[in-house]
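Below is one structure, written out as structure tokens; the observations come after it.
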Amino acid sequence: MRQLGEVLSQSEIDALLAALDSGELDPGEIDAESENQRVKLYDFKRPEKFTKEQMRTLQMLHENLARSLSTYLATTLRTLVEIKVMSVEQLTYYEFTRSLPLLTMLAIYDIPAWDGRGLLECNLTLVFAMIDRMLGGPGSSLQEGRPLTDIEQGLVSLLMRQIGLLYRDAWQTVADVSFNLDSLETNPLFAQIVSQNETVALINFSARIGSAEGMLNICLPHMVLEQAMDRLTTRSWFAGQTRAHDQR
């Protein structure tokens, strides 16, 4: 059967008219076929650069990270920690930064193997709860956000460097890549790791640390992930899981 949009030759047109005249072809069948043509909407202002399989692989990879991060923080802070992946989506970097509060914690990581940067955003409610636990407190958080002091930045940097190591381990099933902490920011305007219209993968986590609850976000630009795109498949991920299990 001809696909919608294909050009018919004159002989094919004659044959089609003859079939209609003889009753061999019902005009209703043509209308039904046209209605059944699948039309996919495409937004040129927001192109989709990640396939569904790549998004699924990113979700599985970050679910592993969530488990290891929960274990690490629970051991380090000596409190109940629960971290879960809520969603994995693609959007522009502009949309991501617009969704952030004016005051938050942004850990920017250098990714030498991919010649780019990514970032982790953590709600200040969680940040101050972690700092309080590290200083021997019950894990209380501030009612109102404020910038981090130099001492607090030093404590948070220790945590973020360790999270970078855990993130490297999570990626080992797909790629040999490291995440080196570059800087901490509290204002999203000072965390321009890519251009505003660049497509990014955004991984959103819910987190509970003691009695404090908040959100974590990991933002990875498409242009940075390009070198690993061909390995972001469920087959590669499961093969990496098997290798890691055999090496234990």
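In the structure tokens, chains take letters A, B, ... by order of appearance, with residues numbered from 1 within each chain and ligands from 1 in the order shown.
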Restrict the calculation to only C-alpha atoms, then for each residue of region 170-248 of chain A with any atom at most 9 Å from an atom of region 133-145 of chain A give the closest atom pair and their distance in Å to one decimal, rows by chain and rising residue number, as a Markdown table.
| residue | atom | partner | partner_atom | distance |
| --- | --- | --- | --- | --- |
| A:Ile209 | CA | A:Gly139 | CA | 7.9 |
| A:Gly210 | CA | A:Gly139 | CA | 6.5 |
| A:Ser211 | CA | A:Gly139 | CA | 7.4 |
| A:Ala212 | CA | A:Ser141 | CA | 7.1 |
Any chance you could export the current selection's all heavy atoms as a JSON list (two decimals), in the first residue's frame?
[["chain", "number", "residue", "atom", "x", "y", "z"],
["A", 209, "ILE", "N", 16.20, 13.15, 54.61],
["A", 209, "ILE", "CA", 17.37, 12.99, 55.47],
["A", 209, "ILE", "C", 16.94, 13.33, 56.89],
["A", 209, "ILE", "O", 16.72, 14.49, 57.23],
["A", 209, "ILE", "CB", 18.53, 13.91, 55.02],
["A", 209, "ILE", "CG1", 18.94, 13.55, 53.59],
["A", 209, "ILE", "CG2", 19.72, 13.79, 55.97],
["A", 209, "ILE", "CD1", 20.01, 14.45, 53.01],
["A", 210, "GLY", "N", 16.77, 12.30, 57.69],
["A", 210, "GLY", "CA", 16.19, 12.49, 59.02],
["A", 210, "GLY", "C", 14.77, 13.01, 58.88],
["A", 210, "GLY", "O", 13.94, 12.39, 58.22],
["A", 211, "SER", "N", 14.50, 14.15, 59.45],
["A", 211, "SER", "CA", 13.15, 14.73, 59.36],
["A", 211, "SER", "C", 13.03, 15.75, 58.22],
["A", 211, "SER", "O", 11.96, 16.29, 57.98],
["A", 211, "SER", "CB", 12.79, 15.41, 60.69],
["A", 211, "SER", "OG", 13.73, 16.45, 60.99],
["A", 212, "ALA", "N", 14.15, 16.02, 57.54],
["A", 212, "ALA", "CA", 14.15, 17.02, 56.45],
["A", 212, "ALA", "C", 13.83, 16.36, 55.12],
["A", 212, "ALA", "O", 14.31, 15.26, 54.82],
["A", 212, "ALA", "CB", 15.51, 17.72, 56.38]]
> Running DSSP on the backbone, which parts of region 41-246 of chain A land in strand (DSSP E), as a ChimeraX atom specification?
Replying inline: /A:81-92,105-111,116-122,180-185,199-209,212-221
> Nearest to Thr186 (chain A): which of A:Thr234, A:Thr79, A:Thr149, A:Gln54 is it, counting only C-alpha atoms?
Replying inline: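 The shortest atom-to-atom distance to Thr186 (chain A) comes from A:Thr149.
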> Which residue out of A:Phe96, A:Trp114, A:Tyr109, A:Phe50 has the minimum interatomic distance to Leu165 (chain A) when only C-alpha atoms are used?
Replying inline: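 The closest residue to Leu165 (chain A) is A:Tyr109.
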>> Can you measure CA of Ala201 (chain A) to CA of Gln90 (chain A) for me? One decimal in Å is fine.
In response: 4.6 Å
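The two atoms in question, CA of Met215 (chain A) and CA of Val81 (chain A), are spaced 12.8 Å apart.
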>> I'd like the interatomic distance between CA of Leu216 (chain A) and CA of Val174 (chain A), to a tenth of an Å.
In response: 22.4 Å
Considering only helix (DSSP H, G or I) as DSSP defines it on the backbone, what residues of region 115-245 of chain A qualify? List them as a compact mmCIF listing (two decimals) with all heavy atoms, in the first residue's frame.
# COMPACT_ATOMS: atom_id res chain seq x y z
N LEU A 124 18.30 23.75 49.76
CA LEU A 124 19.01 24.19 50.96
C LEU A 124 18.44 23.58 52.24
O LEU A 124 19.15 23.47 53.25
CB LEU A 124 18.99 25.71 51.05
CG LEU A 124 19.96 26.44 50.10
CD1 LEU A 124 19.81 27.95 50.24
CD2 LEU A 124 21.40 26.03 50.37
N THR A 125 17.19 23.17 52.21
CA THR A 125 16.62 22.49 53.38
C THR A 125 17.42 21.24 53.70
O THR A 125 17.76 20.96 54.86
CB THR A 125 15.15 22.11 53.12
OG1 THR A 125 14.38 23.28 52.86
CG2 THR A 125 14.55 21.36 54.31
N LEU A 126 17.76 20.48 52.66
CA LEU A 126 18.56 19.28 52.84
C LEU A 126 20.01 19.62 53.20
O LEU A 126 20.62 18.97 54.03
CB LEU A 126 18.55 18.43 51.56
CG LEU A 126 17.20 17.84 51.14
CD1 LEU A 126 17.34 17.14 49.80
CD2 LEU A 126 16.69 16.87 52.20
N VAL A 127 20.55 20.65 52.55
CA VAL A 127 21.94 21.03 52.78
C VAL A 127 22.18 21.38 54.25
O VAL A 127 23.12 20.88 54.89
CB VAL A 127 22.35 22.22 51.88
CG1 VAL A 127 23.73 22.74 52.27
CG2 VAL A 127 22.35 21.79 50.42
N PHE A 128 21.32 22.22 54.82
CA PHE A 128 21.52 22.63 56.21
C PHE A 128 21.23 21.48 57.18
O PHE A 128 21.85 21.42 58.26
CB PHE A 128 20.64 23.84 56.53
CG PHE A 128 21.17 25.12 55.94
CD1 PHE A 128 20.43 25.83 55.00
CD2 PHE A 128 22.42 25.60 56.30
CE1 PHE A 128 20.92 27.00 54.44
CE2 PHE A 128 22.92 26.77 55.76
CZ PHE A 128 22.17 27.48 54.81
N ALA A 129 20.35 20.56 56.80
CA ALA A 129 20.11 19.39 57.64
C ALA A 129 21.36 18.51 57.67
O ALA A 129 21.75 17.99 58.73
CB ALA A 129 18.92 18.60 57.13
N MET A 130 22.02 18.34 56.52
CA MET A 130 23.26 17.54 56.47
C MET A 130 24.38 18.21 57.25
O MET A 130 25.13 17.55 57.97
CB MET A 130 23.67 17.32 55.01
CG MET A 130 22.74 16.38 54.24
SD MET A 130 23.37 15.91 52.60
CE MET A 130 23.14 17.46 51.70
N ILE A 131 24.50 19.53 57.11
CA ILE A 131 25.54 20.26 57.85
C ILE A 131 25.32 20.11 59.35
O ILE A 131 26.27 19.88 60.12
CB ILE A 131 25.53 21.75 57.45
CG1 ILE A 131 26.02 21.92 56.01
CG2 ILE A 131 26.40 22.56 58.40
CD1 ILE A 131 25.88 23.33 55.48
N ASP A 132 24.08 20.22 59.80
CA ASP A 132 23.77 20.10 61.22
C ASP A 132 24.15 18.72 61.75
O ASP A 132 24.70 18.59 62.85
CB ASP A 132 22.28 20.36 61.44
CG ASP A 132 21.94 20.56 62.92
OD1 ASP A 132 22.53 21.46 63.54
OD2 ASP A 132 21.10 19.81 63.44
N ARG A 133 23.89 17.67 60.95
CA ARG A 133 24.26 16.32 61.36
C ARG A 133 25.78 16.17 61.42
O ARG A 133 26.33 15.54 62.33
CB ARG A 133 23.69 15.29 60.39
CG ARG A 133 22.18 15.09 60.49
CD ARG A 133 21.75 14.53 61.82
NE ARG A 133 22.38 13.26 62.14
CZ ARG A 133 22.22 12.62 63.30
NH1 ARG A 133 21.46 13.16 64.24
NH2 ARG A 133 22.82 11.46 63.54
N MET A 134 26.50 16.75 60.45
CA MET A 134 27.95 16.65 60.42
C MET A 134 28.59 17.35 61.62
O MET A 134 29.67 16.98 62.07
CB MET A 134 28.49 17.25 59.12
CG MET A 134 28.10 16.46 57.88
SD MET A 134 28.65 17.25 56.35
CE MET A 134 30.41 16.89 56.39
N ASP A 150 31.84 30.14 54.78
CA ASP A 150 33.05 29.46 54.30
C ASP A 150 33.19 28.09 54.94
O ASP A 150 33.56 27.11 54.27
CB ASP A 150 34.28 30.31 54.59
CG ASP A 150 34.35 31.57 53.74
OD1 ASP A 150 33.62 31.62 52.72
OD2 ASP A 150 35.10 32.50 54.10
N ILE A 151 32.92 27.98 56.24
CA ILE A 151 33.02 26.69 56.92
C ILE A 151 31.99 25.72 56.38
O ILE A 151 32.30 24.54 56.12
CB ILE A 151 32.86 26.88 58.45
CG1 ILE A 151 34.04 27.66 59.02
CG2 ILE A 151 32.73 25.52 59.14
CD1 ILE A 151 33.93 27.96 60.50
N GLU A 152 30.77 26.20 56.18
CA GLU A 152 29.71 25.34 55.64
C GLU A 152 30.06 24.89 54.23
O GLU A 152 29.81 23.73 53.85
CB GLU A 152 28.38 26.09 55.67
CG GLU A 152 27.84 26.28 57.09
CD GLU A 152 26.68 27.26 57.14
OE1 GLU A 152 26.50 28.04 56.17
OE2 GLU A 152 25.95 27.27 58.15
N GLN A 153 30.62 25.78 53.41
CA GLN A 153 31.02 25.39 52.07
C GLN A 153 32.08 24.29 52.11
O GLN A 153 32.06 23.37 51.28
CB GLN A 153 31.55 26.60 51.30
CG GLN A 153 30.47 27.56 50.84
CD GLN A 153 30.93 28.43 49.68
OE1 GLN A 153 31.77 28.03 48.88
NE2 GLN A 153 30.38 29.62 49.59
N GLY A 154 32.99 24.37 53.07
CA GLY A 154 34.01 23.33 53.19
C GLY A 154 33.40 21.98 53.53
O GLY A 154 33.79 20.95 52.96
N LEU A 155 32.43 21.96 54.45
CA LEU A 155 31.77 20.71 54.81
C LEU A 155 30.97 20.13 53.64
O LEU A 155 31.02 18.92 53.37
CB LEU A 155 30.84 20.95 56.01
CG LEU A 155 31.52 21.29 57.34
CD1 LEU A 155 30.48 21.69 58.38
CD2 LEU A 155 32.35 20.11 57.83
N VAL A 156 30.24 21.00 52.95
CA VAL A 156 29.43 20.55 51.81
C VAL A 156 30.34 20.05 50.68
O VAL A 156 30.02 19.06 50.00
CB VAL A 156 28.51 21.68 51.30
CG1 VAL A 156 27.79 21.25 50.03
CG2 VAL A 156 27.48 22.03 52.37
N SER A 157 31.50 20.69 50.50
CA SER A 157 32.43 20.26 49.45
C SER A 157 32.90 18.83 49.69
O SER A 157 33.05 18.05 48.74
CB SER A 157 33.63 21.20 49.39
OG SER A 157 33.25 22.48 48.94
N LEU A 158 33.12 18.47 50.97
CA LEU A 158 33.52 17.10 51.29
C LEU A 158 32.45 16.11 50.83
O LEU A 158 32.76 15.06 50.24
CB LEU A 158 33.76 16.96 52.80
CG LEU A 158 34.97 17.70 53.38
CD1 LEU A 158 34.99 17.56 54.90
CD2 LEU A 158 36.27 17.16 52.78
N LEU A 159 31.19 16.44 51.12
CA LEU A 159 30.09 15.57 50.71
C LEU A 159 29.99 15.49 49.19
O LEU A 159 29.82 14.40 48.61
CB LEU A 159 28.77 16.07 51.29
CG LEU A 159 28.54 15.90 52.79
CD1 LEU A 159 27.24 16.57 53.20
CD2 LEU A 159 28.52 14.43 53.16
N MET A 160 30.10 16.63 48.52
CA MET A 160 29.93 16.67 47.07
C MET A 160 31.05 15.92 46.34
O MET A 160 30.83 15.32 45.31
CB MET A 160 29.85 18.11 46.58
CG MET A 160 28.62 18.88 47.06
SD MET A 160 27.06 18.08 46.56
CE MET A 160 26.40 17.61 48.17
N ARG A 161 32.27 15.96 46.90
CA ARG A 161 33.38 15.20 46.29
C ARG A 161 33.12 13.71 46.39
O ARG A 161 33.37 12.95 45.45
CB ARG A 161 34.70 15.56 46.97
CG ARG A 161 35.22 16.95 46.60
CD ARG A 161 36.67 17.13 47.05
NE ARG A 161 37.13 18.46 46.66
CZ ARG A 161 37.08 19.53 47.46
NH1 ARG A 161 36.59 19.40 48.69
NH2 ARG A 161 37.50 20.71 47.03
N GLN A 162 32.59 13.29 47.54
CA GLN A 162 32.28 11.86 47.69
C GLN A 162 31.13 11.45 46.78
O GLN A 162 31.14 10.36 46.21
CB GLN A 162 31.93 11.56 49.16
CG GLN A 162 31.69 10.09 49.45
CD GLN A 162 32.89 9.23 49.14
OE1 GLN A 162 34.03 9.65 49.39
NE2 GLN A 162 32.66 8.03 48.61
N ILE A 163 30.15 12.33 46.63
CA ILE A 163 29.04 12.04 45.71
C ILE A 163 29.57 11.91 44.28
O ILE A 163 29.11 11.07 43.50
CB ILE A 163 27.96 13.13 45.81
CG1 ILE A 163 27.24 13.02 47.16
CG2 ILE A 163 26.96 13.02 44.66
CD1 ILE A 163 26.23 14.12 47.42
N GLY A 164 30.58 12.73 43.93
CA GLY A 164 31.20 12.60 42.61
C GLY A 164 31.81 11.23 42.40
O GLY A 164 31.73 10.66 41.30
N LEU A 165 32.42 10.66 43.46
CA LEU A 165 33.00 9.32 43.36
C LEU A 165 31.90 8.26 43.21
O LEU A 165 32.03 7.31 42.43
CB LEU A 165 33.84 9.02 44.60
CG LEU A 165 35.09 9.90 44.81
CD1 LEU A 165 35.78 9.55 46.12
CD2 LEU A 165 36.06 9.76 43.64
N LEU A 166 30.83 8.43 43.96
CA LEU A 166 29.70 7.49 43.83
C LEU A 166 29.08 7.57 42.45
O LEU A 166 28.65 6.56 41.88
CB LEU A 166 28.64 7.81 44.89
CG LEU A 166 29.04 7.59 46.35
CD1 LEU A 166 27.94 8.08 47.29
CD2 LEU A 166 29.35 6.13 46.62
N TYR A 167 29.04 8.78 41.91
CA TYR A 167 28.48 8.96 40.56
C TYR A 167 29.37 8.29 39.51
O TYR A 167 28.88 7.69 38.56
CB TYR A 167 28.33 10.45 40.27
CG TYR A 167 27.31 10.78 39.20
CD1 TYR A 167 26.24 9.95 38.95
CD2 TYR A 167 27.43 11.94 38.44
CE1 TYR A 167 25.30 10.25 37.97
CE2 TYR A 167 26.51 12.26 37.47
CZ TYR A 167 25.44 11.40 37.23
OH TYR A 167 24.53 11.70 36.25
N ARG A 168 30.67 8.38 39.70
CA ARG A 168 31.60 7.69 38.80
C ARG A 168 31.34 6.18 38.84
O ARG A 168 31.29 5.52 37.79
CB ARG A 168 33.04 7.96 39.22
CG ARG A 168 34.10 7.26 38.38
CD ARG A 168 35.43 7.21 39.10
NE ARG A 168 35.33 6.41 40.32
CZ ARG A 168 36.28 6.32 41.23
NH1 ARG A 168 37.40 7.01 41.08
NH2 ARG A 168 36.11 5.57 42.31
N ASP A 169 31.16 5.63 40.03
CA ASP A 169 30.89 4.20 40.16
C ASP A 169 29.58 3.81 39.47
O ASP A 169 29.47 2.75 38.86
CB ASP A 169 30.83 3.80 41.63
CG ASP A 169 32.18 3.94 42.33
OD1 ASP A 169 33.21 4.00 41.62
OD2 ASP A 169 32.21 4.00 43.58
N ALA A 170 28.56 4.68 39.59
CA ALA A 170 27.27 4.38 38.95
C ALA A 170 27.39 4.32 37.44
O ALA A 170 26.71 3.54 36.77
CB ALA A 170 26.23 5.44 39.36
N TRP A 171 28.29 5.15 36.87
CA TRP A 171 28.48 5.19 35.43
C TRP A 171 29.38 4.07 34.90
O TRP A 171 29.49 3.88 33.68
CB TRP A 171 29.06 6.54 35.01
CG TRP A 171 28.02 7.57 34.74
CD1 TRP A 171 27.53 8.50 35.61
CD2 TRP A 171 27.32 7.79 33.50
NE1 TRP A 171 26.57 9.28 35.00
CE2 TRP A 171 26.42 8.86 33.71
CE3 TRP A 171 27.36 7.18 32.25
CZ2 TRP A 171 25.58 9.34 32.72
CZ3 TRP A 171 26.52 7.65 31.25
CH2 TRP A 171 25.65 8.71 31.50
N PRO A 188 21.67 30.37 40.76
CA PRO A 188 21.65 29.72 39.45
C PRO A 188 22.23 30.57 38.32
O PRO A 188 22.71 30.03 37.33
CB PRO A 188 20.15 29.46 39.22
CG PRO A 188 19.55 29.41 40.58
CD PRO A 188 20.34 30.40 41.39
N LEU A 189 22.22 31.90 38.47
CA LEU A 189 22.75 32.78 37.42
C LEU A 189 24.25 32.60 37.26
O LEU A 189 24.81 32.92 36.20
CB LEU A 189 22.43 34.23 37.75
CG LEU A 189 20.96 34.63 37.76
CD1 LEU A 189 20.81 36.09 38.16
CD2 LEU A 189 20.33 34.39 36.39
N PHE A 190 24.92 32.09 38.30
CA PHE A 190 26.37 31.90 38.25
C PHE A 190 26.76 30.47 37.90
O PHE A 190 27.91 30.08 38.07
CB PHE A 190 27.00 32.30 39.58
CG PHE A 190 26.78 33.73 39.95
CD1 PHE A 190 26.44 34.09 41.25
CD2 PHE A 190 26.89 34.73 39.00
CE1 PHE A 190 26.22 35.42 41.60
CE2 PHE A 190 26.67 36.06 39.33
CZ PHE A 190 26.33 36.40 40.63
N HIS A 222 23.19 17.54 26.79
CA HIS A 222 23.26 16.57 25.70
C HIS A 222 24.62 16.61 25.01
O HIS A 222 25.19 15.57 24.67
CB HIS A 222 22.15 16.87 24.67
CG HIS A 222 22.21 15.99 23.46
ND1 HIS A 222 22.91 16.34 22.32
CD2 HIS A 222 21.69 14.76 23.21
CE1 HIS A 222 22.80 15.38 21.42
NE2 HIS A 222 22.07 14.42 21.94
N MET A 223 25.16 17.81 24.80
CA MET A 223 26.44 17.93 24.11
C MET A 223 27.57 17.28 24.90
O MET A 223 28.57 16.85 24.33
CB MET A 223 26.77 19.40 23.85
CG MET A 223 26.95 20.25 25.10
SD MET A 223 27.27 22.00 24.73
CE MET A 223 28.84 21.86 23.90
N VAL A 224 27.41 17.16 26.22
CA VAL A 224 28.41 16.49 27.05
C VAL A 224 28.24 14.97 26.98
O VAL A 224 29.21 14.22 26.95
CB VAL A 224 28.31 16.98 28.51
CG1 VAL A 224 29.26 16.22 29.42
CG2 VAL A 224 28.60 18.47 28.58
N LEU A 225 26.99 14.51 26.94
CA LEU A 225 26.70 13.08 26.90
C LEU A 225 26.87 12.46 25.52
O LEU A 225 26.82 11.24 25.39
CB LEU A 225 25.26 12.82 27.38
CG LEU A 225 24.99 12.98 28.88
CD1 LEU A 225 23.50 12.80 29.14
CD2 LEU A 225 25.80 11.97 29.68
N GLU A 226 27.06 13.29 24.49
CA GLU A 226 27.13 12.77 23.12
C GLU A 226 28.12 11.64 22.95
O GLU A 226 27.86 10.69 22.21
CB GLU A 226 27.47 13.91 22.16
CG GLU A 226 26.25 14.64 21.62
CD GLU A 226 26.59 15.64 20.54
OE1 GLU A 226 27.62 16.34 20.69
OE2 GLU A 226 25.85 15.72 19.55
N GLN A 227 29.26 11.72 23.64
CA GLN A 227 30.28 10.69 23.47
C GLN A 227 29.87 9.34 24.04
O GLN A 227 30.49 8.32 23.73
CB GLN A 227 31.59 11.15 24.12
CG GLN A 227 32.18 12.41 23.50
CD GLN A 227 33.49 12.81 24.14
OE1 GLN A 227 34.40 12.02 24.24
NE2 GLN A 227 33.57 14.06 24.60
N ALA A 228 28.84 9.32 24.88
CA ALA A 228 28.39 8.07 25.49
C ALA A 228 27.02 7.65 24.98
O ALA A 228 26.47 6.64 25.45
CB ALA A 228 28.35 8.21 27.01
N MET A 229 26.48 8.38 24.03
CA MET A 229 25.10 8.12 23.58
C MET A 229 24.93 6.71 23.04
O MET A 229 23.90 6.06 23.27
CB MET A 229 24.68 9.15 22.53
CG MET A 229 24.59 10.56 23.08
SD MET A 229 23.26 10.79 24.27
CE MET A 229 21.90 11.11 23.18
N ASP A 230 25.93 6.20 22.30
CA ASP A 230 25.79 4.88 21.70
C ASP A 230 25.85 3.77 22.75
O ASP A 230 25.48 2.62 22.48
CB ASP A 230 26.87 4.65 20.64
CG ASP A 230 28.28 4.77 21.22
OD1 ASP A 230 28.44 5.44 22.25
OD2 ASP A 230 29.21 4.18 20.63
N ARG A 231 26.30 4.09 23.98
CA ARG A 231 26.36 3.10 25.05
C ARG A 231 25.20 3.24 26.03
O ARG A 231 25.09 2.46 26.98
CB ARG A 231 27.69 3.22 25.80
CG ARG A 231 28.88 2.66 25.02
CD ARG A 231 30.19 3.12 25.63
NE ARG A 231 30.47 4.50 25.27
CZ ARG A 231 31.47 5.22 25.77
NH1 ARG A 231 32.27 4.68 26.66
NH2 ARG A 231 31.67 6.46 25.39
N THR A 234 19.95 -0.33 27.11
CA THR A 234 19.69 -1.30 28.18
C THR A 234 20.64 -2.49 28.05
O THR A 234 21.07 -3.06 29.06
CB THR A 234 18.23 -1.77 28.13
OG1 THR A 234 17.92 -2.21 26.79
CG2 THR A 234 17.29 -0.66 28.52
N ARG A 235 20.99 -2.86 26.80
CA ARG A 235 21.92 -3.99 26.60
C ARG A 235 23.29 -3.67 27.20
O ARG A 235 23.87 -4.49 27.91
CB ARG A 235 22.06 -4.31 25.12
CG ARG A 235 23.06 -5.41 24.83
CD ARG A 235 23.14 -5.71 23.34
NE ARG A 235 21.88 -6.23 22.84
CZ ARG A 235 21.70 -6.61 21.57
NH1 ARG A 235 22.68 -6.51 20.69
NH2 ARG A 235 20.52 -7.08 21.19
N SER A 236 23.80 -2.45 26.93
CA SER A 236 25.10 -2.06 27.49
C SER A 236 25.04 -1.99 29.00
O SER A 236 25.98 -2.40 29.70
CB SER A 236 25.51 -0.69 26.92
OG SER A 236 25.72 -0.75 25.54
N TRP A 237 23.93 -1.49 29.53
CA TRP A 237 23.80 -1.36 30.97
C TRP A 237 23.79 -2.72 31.65
O TRP A 237 24.49 -2.94 32.64
CB TRP A 237 22.53 -0.58 31.31
CG TRP A 237 22.42 -0.25 32.77
CD1 TRP A 237 22.99 0.80 33.44
CD2 TRP A 237 21.70 -0.99 33.76
NE1 TRP A 237 22.66 0.76 34.77
CE2 TRP A 237 21.87 -0.32 35.00
CE3 TRP A 237 20.92 -2.15 33.71
CZ2 TRP A 237 21.28 -0.77 36.17
CZ3 TRP A 237 20.34 -2.60 34.89
CH2 TRP A 237 20.52 -1.92 36.10
N PHE A 238 23.01 -3.66 31.12
CA PHE A 238 22.94 -4.99 31.72
C PHE A 238 24.27 -5.73 31.57
O PHE A 238 24.68 -6.47 32.47
CB PHE A 238 21.81 -5.81 31.08
CG PHE A 238 20.45 -5.47 31.62
CD1 PHE A 238 19.47 -4.96 30.80
CD2 PHE A 238 20.15 -5.66 32.97
CE1 PHE A 238 18.22 -4.63 31.29
CE2 PHE A 238 18.90 -5.34 33.47
CZ PHE A 238 17.93 -4.83 32.63
N ALA A 239 24.97 -5.53 30.44
CA ALA A 239 26.28 -6.15 30.26
C ALA A 239 27.26 -5.60 31.29
O ALA A 239 28.06 -6.35 31.86
CB ALA A 239 26.80 -5.88 28.84
N GLY A 240 27.21 -4.29 31.55
CA GLY A 240 28.06 -3.70 32.57
C GLY A 240 27.74 -4.20 33.96
O GLY A 240 28.64 -4.42 34.78
N GLN A 241 26.46 -4.40 34.25
CA GLN A 241 26.04 -4.95 35.55
C GLN A 241 26.61 -6.35 35.73
O GLN A 241 27.07 -6.72 36.82
CB GLN A 241 24.52 -4.99 35.64
CG GLN A 241 23.86 -3.64 35.78
CD GLN A 241 24.00 -3.08 37.19
OE1 GLN A 241 24.93 -2.34 37.47
NE2 GLN A 241 23.08 -3.44 38.06
N THR A 242 26.57 -7.15 34.66
CA THR A 242 27.09 -8.52 34.73
C THR A 242 28.59 -8.54 34.98
O THR A 242 29.10 -9.30 35.80
CB THR A 242 26.77 -9.27 33.42
OG1 THR A 242 25.35 -9.25 33.20
CG2 THR A 242 27.26 -10.71 33.50
N ARG A 243 29.32 -7.64 34.27
CA ARG A 243 30.77 -7.57 34.46
C ARG A 243 31.11 -7.17 35.89
O ARG A 243 32.01 -7.72 36.51
CB ARG A 243 31.38 -6.57 33.48
CG ARG A 243 31.45 -7.06 32.06
CD ARG A 243 32.38 -6.18 31.24
NE ARG A 243 31.97 -4.79 31.24
CZ ARG A 243 31.11 -4.24 30.37
NH1 ARG A 243 30.59 -5.01 29.43
NH2 ARG A 243 30.79 -2.97 30.45
N ALA A 244 30.39 -6.18 36.40
CA ALA A 244 30.64 -5.71 37.77
C ALA A 244 30.38 -6.81 38.79
O ALA A 244 31.11 -6.97 39.76
CB ALA A 244 29.78 -4.49 38.06
N HIS A 245 29.33 -7.60 38.55
CA HIS A 245 28.99 -8.71 39.46
C HIS A 245 30.06 -9.79 39.41
O HIS A 245 30.44 -10.35 40.45
CB HIS A 245 27.63 -9.28 39.08
CG HIS A 245 27.16 -10.37 40.00
ND1 HIS A 245 27.47 -11.71 39.78
CD2 HIS A 245 26.44 -10.33 41.17
CE1 HIS A 245 26.93 -12.44 40.76
NE2 HIS A 245 26.31 -11.62 41.59
Restrict the calculation to only C-alpha atoms, then for each residue of region 92-149 of chain A with any atom at most 9 Å from an atom of region 193-200 of chain A give the closest atom pair and their distance in Å to one decimal, rows by chain and rising residue number, as a tab-separated table.
residue	atom	partner	partner_atom	distance
A:Thr92	CA	A:Thr199	CA	4.4
A:Tyr93	CA	A:Gln196	CA	5.1
A:Tyr94	CA	A:Gln196	CA	4.6
A:Glu95	CA	A:Gln196	CA	8.2
A:Phe96	CA	A:Val200	CA	8.4
A:Thr97	CA	A:Gln196	CA	8.7
A:Ile108	CA	A:Ile193	CA	8.1
A:Gly116	CA	A:Ile193	CA	8.1
A:Arg117	CA	A:Ile193	CA	6.2
A:Gly118	CA	A:Ile193	CA	7.0
A:Leu119	CA	A:Ile193	CA	8.1
>> Let me make sure I understand: among A:Pro147, A:Gly214, A:Pro112, A:Pro221, which one has the smallest atom-to-atom distance to Asp176 (chain A) if we use only C-alpha atoms?
In response: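 For Asp176 (chain A), the nearest of the given residues is A:Pro112.
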